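Okay, so here's the structure we're looking at.
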Amino acid sequence: MGSLKMDHLELKEKRAEIAQMRDVFALMEEHGHEQVVFCRHARTGLKAIVAIHNTTLGPAIGGCRMIPYETTDEALEDVLRLSKGMTYKCGLADVDFGGGKMVIIGDPAEDKSPEMFRAVGRFVGGLNGRFFTGTDMGTEPEDFIHAARESASFVGLPQSHGGSGDTSIPTALGVLQGMRAIAAHLWGTPSLAGKKVAVQGIGKVGSKLVEMLLEEGASVVIADLCEERCAEWKQRAPEQVEISQVDVIHQMDCDIFAPCARGGIINDRTLDELQCRAIVGSANNQLEADRHGDLLHARGILYAPDYLVNAGGLIQVADELEGYQAERVLAKTKAIYDMVLEICERSKRENIPTCRAADRIVVERMENIADLRRMILGYDRNQNRKVGRG
């Protein structure tokens, strides 16, 4: 009897939690999403959400992150924002994919298992090629070896399993290219020699970015939750490296601030504390809201849209689905330089924030592709269906 009573109480709590969640369809309408899928597998403890934002350019693609979100609402908000960002990232990176994202609610240090990721493989595979995913915060290429046993909807696997290797390398290179373009726009030369860059977060991407910056002759201020990482960099290059704290590094007097950790760093609290000339980093969704991009523009701080400069990893994994060629990935990643310059010039010409200029370019590209795909290519008699639409 006690067990039944407990079950009844748990059910009431669950119903109360669901009642507190915001209306999913209203959120989808607000952000412009096509599809949101909730995934649960009891035996492995998997609780995940897949969000497909827009497939005008092609199937959705985006990483799978695993975070111990405090609420389902928090996870839903994150996956909606991230998947929308992927649509714009794909549009500017000139890849034939749309925006999607997957989040897993859980602690990656404690809750992962091979079986959990095989369950991920079954769920993602069930979307029949509408969504492709791979590593993100809290997940590793090795996790998706298990997922790939269940479907072919995974990218960024280790090279030993047919993948293209470490995506943090092209991601860091893309951020560096963005910095070079910003330097050319602000100071008339793409050289970063002598410039001071504050890097918040020196994980997989941030550490590679620091290495590239030191090779360029820049000095760096670094901050990370792992103090040992910072100490190692200080020991390696004591003359070029300064150590700060994660929660105050944005206040540093520097040429470029590079957020390379979690998003939302540019917000009502931090915006007035910035002392940089430009913001160029790998973190997703650096602006807490679009209006913060407007405020940066008003303050004269040049912002390189994060979904463009951090697109190197996307370019690499998207290339896997076409038949991976390292030279093609390198060329597309280096082209981030030209696109950042184009956005800066449009921003100046139209007197609009760089984030608005970038968004307009993406919308124009999507409208052009949607117009082209109105034309039917033909009729596949073997499949008994029309082909060439969408």
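Identifiers in the structure tokens: chain A, B, ... in order shown; residue index from 1 per chain; ligand index from 1 in order shown.
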Open item on the list: I'd like the neighbourhood of stretch 198-213 of chain A as a list in words, where a residue qualifies if any of its atoms comes within 6 Å (using only C-alpha atoms), though same-chain residues fewer than 3 positions away should be ignored.
Closed with: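 So the residues in contact are Ser168, Ala172, Glu216, Ala218, Val220, Val221, Ile222, Ala223, Asp224, Phe257, Ala258, Pro259, Cys260 and Ala261 of chain A.
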- [ ] Identify, with DSSP run on backbone atoms, the residues in stretch 15-239 of chain A assigned to alpha helix (DSSP H), and express the list as a ChimeraX atom specification.
- [x] /A:15-20,24-31,72-93,114-125,141-147,168-187,204-216,227-236
Please report, as JSON lines, each residue of stretch 182-292 of chain A lying at most 12 Å from stretch 72-90 of chain A, together with the nearest pair of atoms and the separation in Å rounded to one decimal; use only C-alpha atoms, and order rows by chain and ascending residue number.
```
{"residue": "A:Arg262", "atom": "CA", "partner": "A:Asp78", "partner_atom": "CA", "distance": 11.0}
{"residue": "A:Gly263", "atom": "CA", "partner": "A:Leu82", "partner_atom": "CA", "distance": 9.8}
{"residue": "A:Gly264", "atom": "CA", "partner": "A:Asp78", "partner_atom": "CA", "distance": 10.9}
{"residue": "A:Ala283", "atom": "CA", "partner": "A:Leu82", "partner_atom": "CA", "distance": 10.9}
{"residue": "A:Asn284", "atom": "CA", "partner": "A:Leu82", "partner_atom": "CA", "distance": 7.3}
{"residue": "A:Asn285", "atom": "CA", "partner": "A:Leu82", "partner_atom": "CA", "distance": 7.2}
{"residue": "A:Gln286", "atom": "CA", "partner": "A:Gly85", "partner_atom": "CA", "distance": 10.7}
{"residue": "A:Leu287", "atom": "CA", "partner": "A:Arg81", "partner_atom": "CA", "distance": 11.1}
{"residue": "A:Glu288", "atom": "CA", "partner": "A:Arg81", "partner_atom": "CA", "distance": 10.2}
{"residue": "A:Ala289", "atom": "CA", "partner": "A:Arg81", "partner_atom": "CA", "distance": 10.4}
{"residue": "A:Asp290", "atom": "CA", "partner": "A:Arg81", "partner_atom": "CA", "distance": 11.6}
```
Considering only C-alpha atoms, return as a PDB file with C-alpha atoms, in the first residue's frame whatever protein or nucleic-acid residues lie within 9 Å of A:Asp268, sequence-local ones (same chain, fewer than 2 positions apart) excluded.
```pdb
ATOM      1  CA  ILE A 266      27.342  38.991 -23.360  1.00  0.00           C
ATOM      2  CA  THR A 270      28.692  42.024 -18.436  1.00  0.00           C
ATOM      3  CA  LEU A 271      28.134  44.322 -21.398  1.00  0.00           C
ATOM      4  CA  ASP A 272      29.083  47.566 -19.626  1.00  0.00           C
ATOM      5  CA  GLU A 288      22.162  36.305 -24.313  1.00  0.00           C
ATOM      6  CA  HIS A 292      22.898  42.676 -26.896  1.00  0.00           C
TER       7      HIS A 292
END
```
Open item on the list: One decimal, in Å: what's the spacing between atom CA of A:Glu34 and atom CA of A:Tyr69?
Closed with: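 Atom CA of A:Glu34 sits 23.5 Å away from atom CA of A:Tyr69.
Of note, atom CA of A:Lys47 and atom CA of A:Pro59 are spaced 23.1 Å apart.
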- [ ] Step one, run DSSP on the backbone; step two, keep only residues of stretch 268-377 of chain A assigned to strand (DSSP E); then write them as a ChimeraX atom specification.
- [x] /A:275-279,302-303
For stretch 325-329 of chain A, list every protein, DNA or RNA residue within 9 Å, evaluated using only C-alpha atoms, and leave out those in the same chain fewer than 3 positions away; present the list as a short mmCIF file (atom, residue, chain, number, x, y, z; two decimals) with C-alpha atoms, in the first residue's frame.
```
data_model
loop_
_atom_site.label_atom_id
_atom_site.label_comp_id
_atom_site.auth_asym_id
_atom_site.auth_seq_id
_atom_site.Cartn_x
_atom_site.Cartn_y
_atom_site.Cartn_z
CA SER A 164 37.49 12.69 -40.04
CA PRO A 170 39.26 23.39 -37.76
CA GLY A 312 35.14 24.95 -38.77
CA ILE A 315 32.47 22.21 -42.09
CA GLN A 316 34.56 19.14 -41.30
CA ASP A 319 32.21 17.11 -45.43
CA GLU A 320 32.22 13.53 -44.11
CA GLU A 322 29.98 14.15 -48.97
CA LYS A 332 36.19 26.33 -46.61
CA THR A 333 37.46 27.03 -43.09
CA LYS A 334 39.94 29.62 -44.35
#
```
